[in-house]
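Engineer: Submitted below is the structure of interest, expressed as structure tokens.
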Amino acid sequence: MPSHLHFDEDDFLRCRFAVSPLWETQEAVRTLRRPDRHGYHAPWLRRIRAVAAGLDLAPLWLLMPRRGHSPDWLVAPPTGPAASVEEELAALRAVDPETARADTARSLADTPGALESATGRAWLADPPRLVREVTDALEEAWRVLVAPDWPRLRALLEADIAFHSRRLAEVGLGGLLPELHHRFGWRTGTLTVAAPGGAYERRLGGQGLVLMPSVFTWPDVISTFEPPARPTLVYPARGIGGLWTDPAAVTPDALVRLLGRGRATVLAALAEPATTTALAHRLRLAPSSVSAHLTALRDAGLLASRRYGHQVLYERAPLGIALASGPRRLQRDAVDDP
């Protein structure tokens, strides 16, 4: 049965997007145990296999049932559009231990054998230990599994938000929500979520809704509505199919001959908007070199730039899109142009 989320007038004014590094860390850990999520992430999985084997992730997996309740105290939406992992970890360490204990007991009950495990029993007997050990495990998972690729992941998530923010301006919230995922439907102020799990009826009651793109959540959509957490919908980010692709390997030779290897690679890598830092990390180039290429491409009319918070995102302009798409696109545009 689908779930229904009812919007009041004030809720339309209090919807926002957010990015959470700690959410991505949890879902990266979950993805290691979910073969149905491996398709888009095979290159990442191959690369991190050895370092992941050195982590003790078993305690975290106790709190990640395949079906059932995951602890709400671990998944509070960030307070701002782009909270740092340090801020999120600090908030996690400050969670009331008794609140964490009660919430964790529900999750352990949904994971076969977890309540009877030595770790589960120790956590429920000592809630401060529970908060400390789970937070420490997530911090280590962040450092090993996610932090090395965070510039690339963050760039994809911010590009998703930039795209959907434009769509929100064009089609409104009722038009946008069904575009985020095929499991979302909208009718007269009510969002329908057709996702696994128990059906529910909720009124937002003026809290609004946090919309959070995620790299590792695919193919799932995840909803969190348990008070006191702010209602949140997590959906797969756009562009994950090319996330782990080496841009140099897909740069057309004709584009290299026209622009030079460096600028052609930068243009080809901008299938989604990105910052200088994210591109430098992804292309393994010095930020100064990437910045010079971006400036030259923008000055030539191939790129456009715009500010997102404290960062500048670069994206292809129409001419850059045509060039990156290859000769056929240019020929078609020439035919279509009166």
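FYI, nothing fancy with the structure tokens labels: chains A, B, ... in order, residues from 1 per chain, ligands from 1 as they appear.
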Would you list the contacts of Arg101 in chain A as an NGL selection string, taking every protein, DNA or RNA residue within 7 Å and counting only C-alpha atoms, but skipping same-chain residues closer than 4 positions in sequence?

Structural biologist: :A and (97 or 105 or 124 or 127)

Engineer: With N, CA and C atoms kept, could you save the residues just selected as a compact mmCIF listing (two decimals), in the first residue's frame?

Structural biologist:
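Saved as selection18.txt:
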```txt
# COMPACT_ATOMS: atom_id res chain seq x y z
N PRO A 97 21.46 9.59 25.12
CA PRO A 97 21.68 8.14 25.08
C PRO A 97 20.41 7.31 25.25
N ALA A 105 16.83 -0.21 19.90
CA ALA A 105 16.18 -1.48 20.23
C ALA A 105 15.19 -1.88 19.14
N LEU A 124 22.47 -1.97 24.59
CA LEU A 124 21.23 -1.69 25.31
C LEU A 124 21.48 -1.57 26.81
N PRO A 127 23.79 2.72 27.18
CA PRO A 127 23.48 3.63 26.07
C PRO A 127 24.59 4.63 25.73
```

Engineer: Can you list, as a ChimeraX atom specification, all residues belonging to range 263-330 of chain A that DSSP tags as helix (DSSP H, G or I)?

Structural biologist: /A:263-269,276-283,287-299,318-325,327-330

Engineer: Tell me which of A:Ala268, A:Val234, A:Ile321, A:Ala300 sits closest to Pro252 in chain A, counting only C-alpha atoms.

Structural biologist: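 Result for the nearest residue to Pro252 in chain A: A:Ala268.
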
Engineer: Kindly indicate which residue among A:Val85, A:Pro35, A:Ala137, A:Leu92 lies nearest to Leu60 in chain A, using only C-alpha atoms for the distances.

Structural biologist: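 Smallest distance to Leu60 in chain A is found for A:Ala137.
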
Engineer: Could you give me, as a PDB file with N, CA and C atoms, in the first residue's frame, the residues within 9 Å of Glu158 in chain A, counting only C-alpha atoms and dropping anything in the same chain fewer than 3 positions from it?

Structural biologist:
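New file around_13.pdb:
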```
ATOM      1  N   ALA A  18      18.938  19.445   0.625  1.00  0.00           N
ATOM      2  CA  ALA A  18      20.071  19.323   1.530  1.00  0.00           C
ATOM      3  C   ALA A  18      20.999  18.223   1.044  1.00  0.00           C
ATOM      4  N   VAL A  19      22.258  18.313   1.464  1.00  0.00           N
ATOM      5  CA  VAL A  19      23.275  17.295   1.195  1.00  0.00           C
ATOM      6  C   VAL A  19      23.849  16.865   2.539  1.00  0.00           C
ATOM      7  N   LEU A 153      31.590  13.148  -5.167  1.00  0.00           N
ATOM      8  CA  LEU A 153      30.216  12.864  -4.761  1.00  0.00           C
ATOM      9  C   LEU A 153      29.444  14.153  -4.503  1.00  0.00           C
ATOM     10  N   ARG A 154      30.071  15.075  -3.799  1.00  0.00           N
ATOM     11  CA  ARG A 154      29.401  16.345  -3.488  1.00  0.00           C
ATOM     12  C   ARG A 154      29.070  17.110  -4.761  1.00  0.00           C
ATOM     13  N   ALA A 155      29.976  17.087  -5.728  1.00  0.00           N
ATOM     14  CA  ALA A 155      29.712  17.790  -6.987  1.00  0.00           C
ATOM     15  C   ALA A 155      28.478  17.218  -7.676  1.00  0.00           C
ATOM     16  N   ILE A 161      20.892  19.114  -7.204  1.00  0.00           N
ATOM     17  CA  ILE A 161      20.099  20.161  -6.562  1.00  0.00           C
ATOM     18  C   ILE A 161      19.948  21.364  -7.486  1.00  0.00           C
ATOM     19  N   ALA A 162      21.025  21.741  -8.169  1.00  0.00           N
ATOM     20  CA  ALA A 162      20.938  22.872  -9.098  1.00  0.00           C
ATOM     21  C   ALA A 162      19.921  22.594 -10.201  1.00  0.00           C
ATOM     22  N   PHE A 163      19.951  21.389 -10.752  1.00  0.00           N
ATOM     23  CA  PHE A 163      19.012  21.036 -11.819  1.00  0.00           C
ATOM     24  C   PHE A 163      17.579  21.066 -11.307  1.00  0.00           C
ATOM     25  N   PRO A 213      19.075  14.418  -2.289  1.00  0.00           N
ATOM     26  CA  PRO A 213      19.611  13.465  -3.273  1.00  0.00           C
ATOM     27  C   PRO A 213      20.705  12.625  -2.631  1.00  0.00           C
ATOM     28  N   PRO A 273      27.026  19.886 -13.742  1.00  0.00           N
ATOM     29  CA  PRO A 273      27.760  21.026 -13.199  1.00  0.00           C
ATOM     30  C   PRO A 273      28.706  20.603 -12.081  1.00  0.00           C
ATOM     31  N   ALA A 274      29.844  21.291 -11.957  1.00  0.00           N
ATOM     32  CA  ALA A 274      30.831  20.931 -10.934  1.00  0.00           C
ATOM     33  C   ALA A 274      31.664  22.154 -10.581  1.00  0.00           C
ATOM     34  N   TYR A 308      26.764  28.869  -6.098  1.00  0.00           N
ATOM     35  CA  TYR A 308      25.893  28.031  -5.277  1.00  0.00           C
ATOM     36  C   TYR A 308      26.466  28.068  -3.867  1.00  0.00           C
ATOM     37  N   LEU A 313      29.782  26.954  -9.482  1.00  0.00           N
ATOM     38  CA  LEU A 313      29.550  25.778 -10.315  1.00  0.00           C
ATOM     39  C   LEU A 313      29.703  26.156 -11.780  1.00  0.00           C
TER      40      LEU A 313
END
```

Engineer: Name all residues at most 8 Å from Ile222 in chain A (count only C-alpha atoms; drop same-chain ones fewer than 2 positions away) and give them as a PyMOL selection string.

Structural biologist: chain A and resi 195+217+220+224+233-235

Engineer: What is the distance, in Å and to one decimal place, between CA of Pro43 in chain A and CA of Asp149 in chain A?

Structural biologist: 12.3 Å

Engineer: Do you know which residues are at most 9 Å from Pro318 in chain A counting only C-alpha atoms, after dropping those on the same chain fewer than 6 positions away, and could you put them as an MDAnalysis selection string?

Structural biologist: chainID A and resid 301:303

Engineer: Emit the selected residues as a short mmCIF file (atom, residue, chain, number, x, y, z; two decimals), in the first residue's frame, including N, CA, C and O atoms.

Structural biologist:
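Resulting contents of out.cif:
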```cif
data_model
loop_
_atom_site.label_atom_id
_atom_site.label_comp_id
_atom_site.auth_asym_id
_atom_site.auth_seq_id
_atom_site.Cartn_x
_atom_site.Cartn_y
_atom_site.Cartn_z
N GLY A 301 32.77 31.02 -24.51
CA GLY A 301 31.34 30.80 -24.63
C GLY A 301 30.91 29.35 -24.54
O GLY A 301 29.75 29.02 -24.82
N LEU A 302 31.84 28.47 -24.13
CA LEU A 302 31.51 27.04 -24.04
C LEU A 302 30.95 26.66 -22.67
O LEU A 302 30.30 25.62 -22.55
N LEU A 303 31.22 27.47 -21.66
CA LEU A 303 30.75 27.20 -20.31
C LEU A 303 30.05 28.42 -19.73
O LEU A 303 30.27 29.55 -20.17
#
```

Engineer: With only C-alpha atoms as the atoms that count, which of A:Ala91, A:Met212, A:Ala58, A:Leu22 lies nearest to Trp142 in chain A?

Structural biologist: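 Among A:Ala91, A:Met212, A:Ala58, A:Leu22, it is A:Leu22 that comes nearest to Trp142 in chain A.
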
Engineer: With only C-alpha atoms as the basis for distance, which of A:Gly241, A:Pro148, A:Pro65, A:Gly175 is at the shortest distance from Pro112 in chain A?

Structural biologist: A:Pro65

Engineer: Name the residues of range 91-289 of chain A that come out as strand (DSSP E or B) in a backbone DSSP run; write them as a PyMOL selection string.

Structural biologist: chain A and resi 184-187+190-193+201-203+210-214+222-224+232-236+274

Engineer: Keeping only N, CA and C atoms, write the selected residues to a file as a short mmCIF file (atom, residue, chain, number, x, y, z; two decimals), in the first residue's frame.

Structural biologist:
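Written output follows (selection_37.cif):
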```cif
data_model
loop_
_atom_site.label_atom_id
_atom_site.label_comp_id
_atom_site.auth_asym_id
_atom_site.auth_seq_id
_atom_site.Cartn_x
_atom_site.Cartn_y
_atom_site.Cartn_z
N PHE A 184 7.10 8.50 -6.79
CA PHE A 184 6.43 9.66 -6.21
C PHE A 184 5.28 10.08 -7.10
N GLY A 185 4.14 10.35 -6.48
CA GLY A 185 2.99 10.88 -7.21
C GLY A 185 2.44 12.10 -6.47
N TRP A 186 1.73 12.94 -7.19
CA TRP A 186 1.23 14.18 -6.59
C TRP A 186 -0.20 14.44 -7.06
N ARG A 187 -1.04 14.79 -6.11
CA ARG A 187 -2.40 15.16 -6.46
C ARG A 187 -2.98 16.04 -5.37
N THR A 190 -1.19 16.41 -1.99
CA THR A 190 -0.81 15.17 -1.32
C THR A 190 0.26 14.45 -2.13
N LEU A 191 1.37 14.12 -1.47
CA LEU A 191 2.44 13.34 -2.08
C LEU A 191 2.22 11.87 -1.76
N THR A 192 2.22 11.04 -2.80
CA THR A 192 2.10 9.59 -2.64
C THR A 192 3.48 8.98 -2.83
N VAL A 193 3.87 8.11 -1.91
CA VAL A 193 5.16 7.43 -1.97
C VAL A 193 4.89 5.93 -2.04
N GLU A 201 0.02 7.61 6.91
CA GLU A 201 -0.61 8.88 6.57
C GLU A 201 0.00 9.93 7.47
N ARG A 202 0.55 11.01 6.90
CA ARG A 202 1.18 12.05 7.69
C ARG A 202 0.76 13.43 7.17
N ARG A 203 0.58 14.34 8.08
CA ARG A 203 0.44 15.75 7.73
C ARG A 203 1.75 16.44 8.13
N VAL A 210 12.29 18.09 3.66
CA VAL A 210 13.67 18.11 3.20
C VAL A 210 13.80 17.11 2.06
N LEU A 211 14.31 17.56 0.92
CA LEU A 211 14.55 16.71 -0.25
C LEU A 211 16.05 16.49 -0.36
N MET A 212 16.49 15.24 -0.28
CA MET A 212 17.92 14.96 -0.20
C MET A 212 18.33 13.96 -1.28
N PRO A 213 19.08 14.42 -2.29
CA PRO A 213 19.61 13.47 -3.27
C PRO A 213 20.71 12.62 -2.63
N SER A 214 20.87 11.41 -3.13
CA SER A 214 21.87 10.50 -2.58
C SER A 214 22.53 9.70 -3.69
N ILE A 222 13.85 6.62 0.16
CA ILE A 222 13.76 6.42 1.60
C ILE A 222 13.06 7.61 2.21
N SER A 223 12.12 7.35 3.07
CA SER A 223 11.39 8.43 3.73
C SER A 223 11.57 8.31 5.23
N THR A 224 11.76 9.45 5.89
CA THR A 224 11.84 9.49 7.35
C THR A 224 10.84 10.52 7.83
N THR A 232 11.63 13.95 5.72
CA THR A 232 12.69 13.94 4.71
C THR A 232 12.40 12.87 3.68
N LEU A 233 12.67 13.19 2.42
CA LEU A 233 12.63 12.21 1.33
C LEU A 233 14.02 12.13 0.72
N VAL A 234 14.57 10.94 0.63
CA VAL A 234 15.87 10.71 0.02
C VAL A 234 15.65 9.97 -1.29
N TYR A 235 16.24 10.47 -2.36
CA TYR A 235 16.02 9.90 -3.69
C TYR A 235 17.36 9.77 -4.42
N PRO A 236 17.49 8.88 -5.41
CA PRO A 236 18.75 8.72 -6.14
C PRO A 236 19.08 9.96 -6.96
N ALA A 274 29.84 21.29 -11.96
CA ALA A 274 30.83 20.93 -10.93
C ALA A 274 31.66 22.15 -10.58
#
```

Engineer: Work out how far apart CA of Gly239 in chain A and CA of Arg152 in chain A are and give it in Å to one decimal.

Structural biologist: 11.7 Å

Engineer: Give me the residues near range 113-122 of chain A as a PyMOL selection string, where near means some atom within 12 Å (using only C-alpha atoms) and where sequence neighbours in that chain fewer than 2 positions away do not count.

Structural biologist: chain A and resi 58-65+101+104-111+124-131+133-134
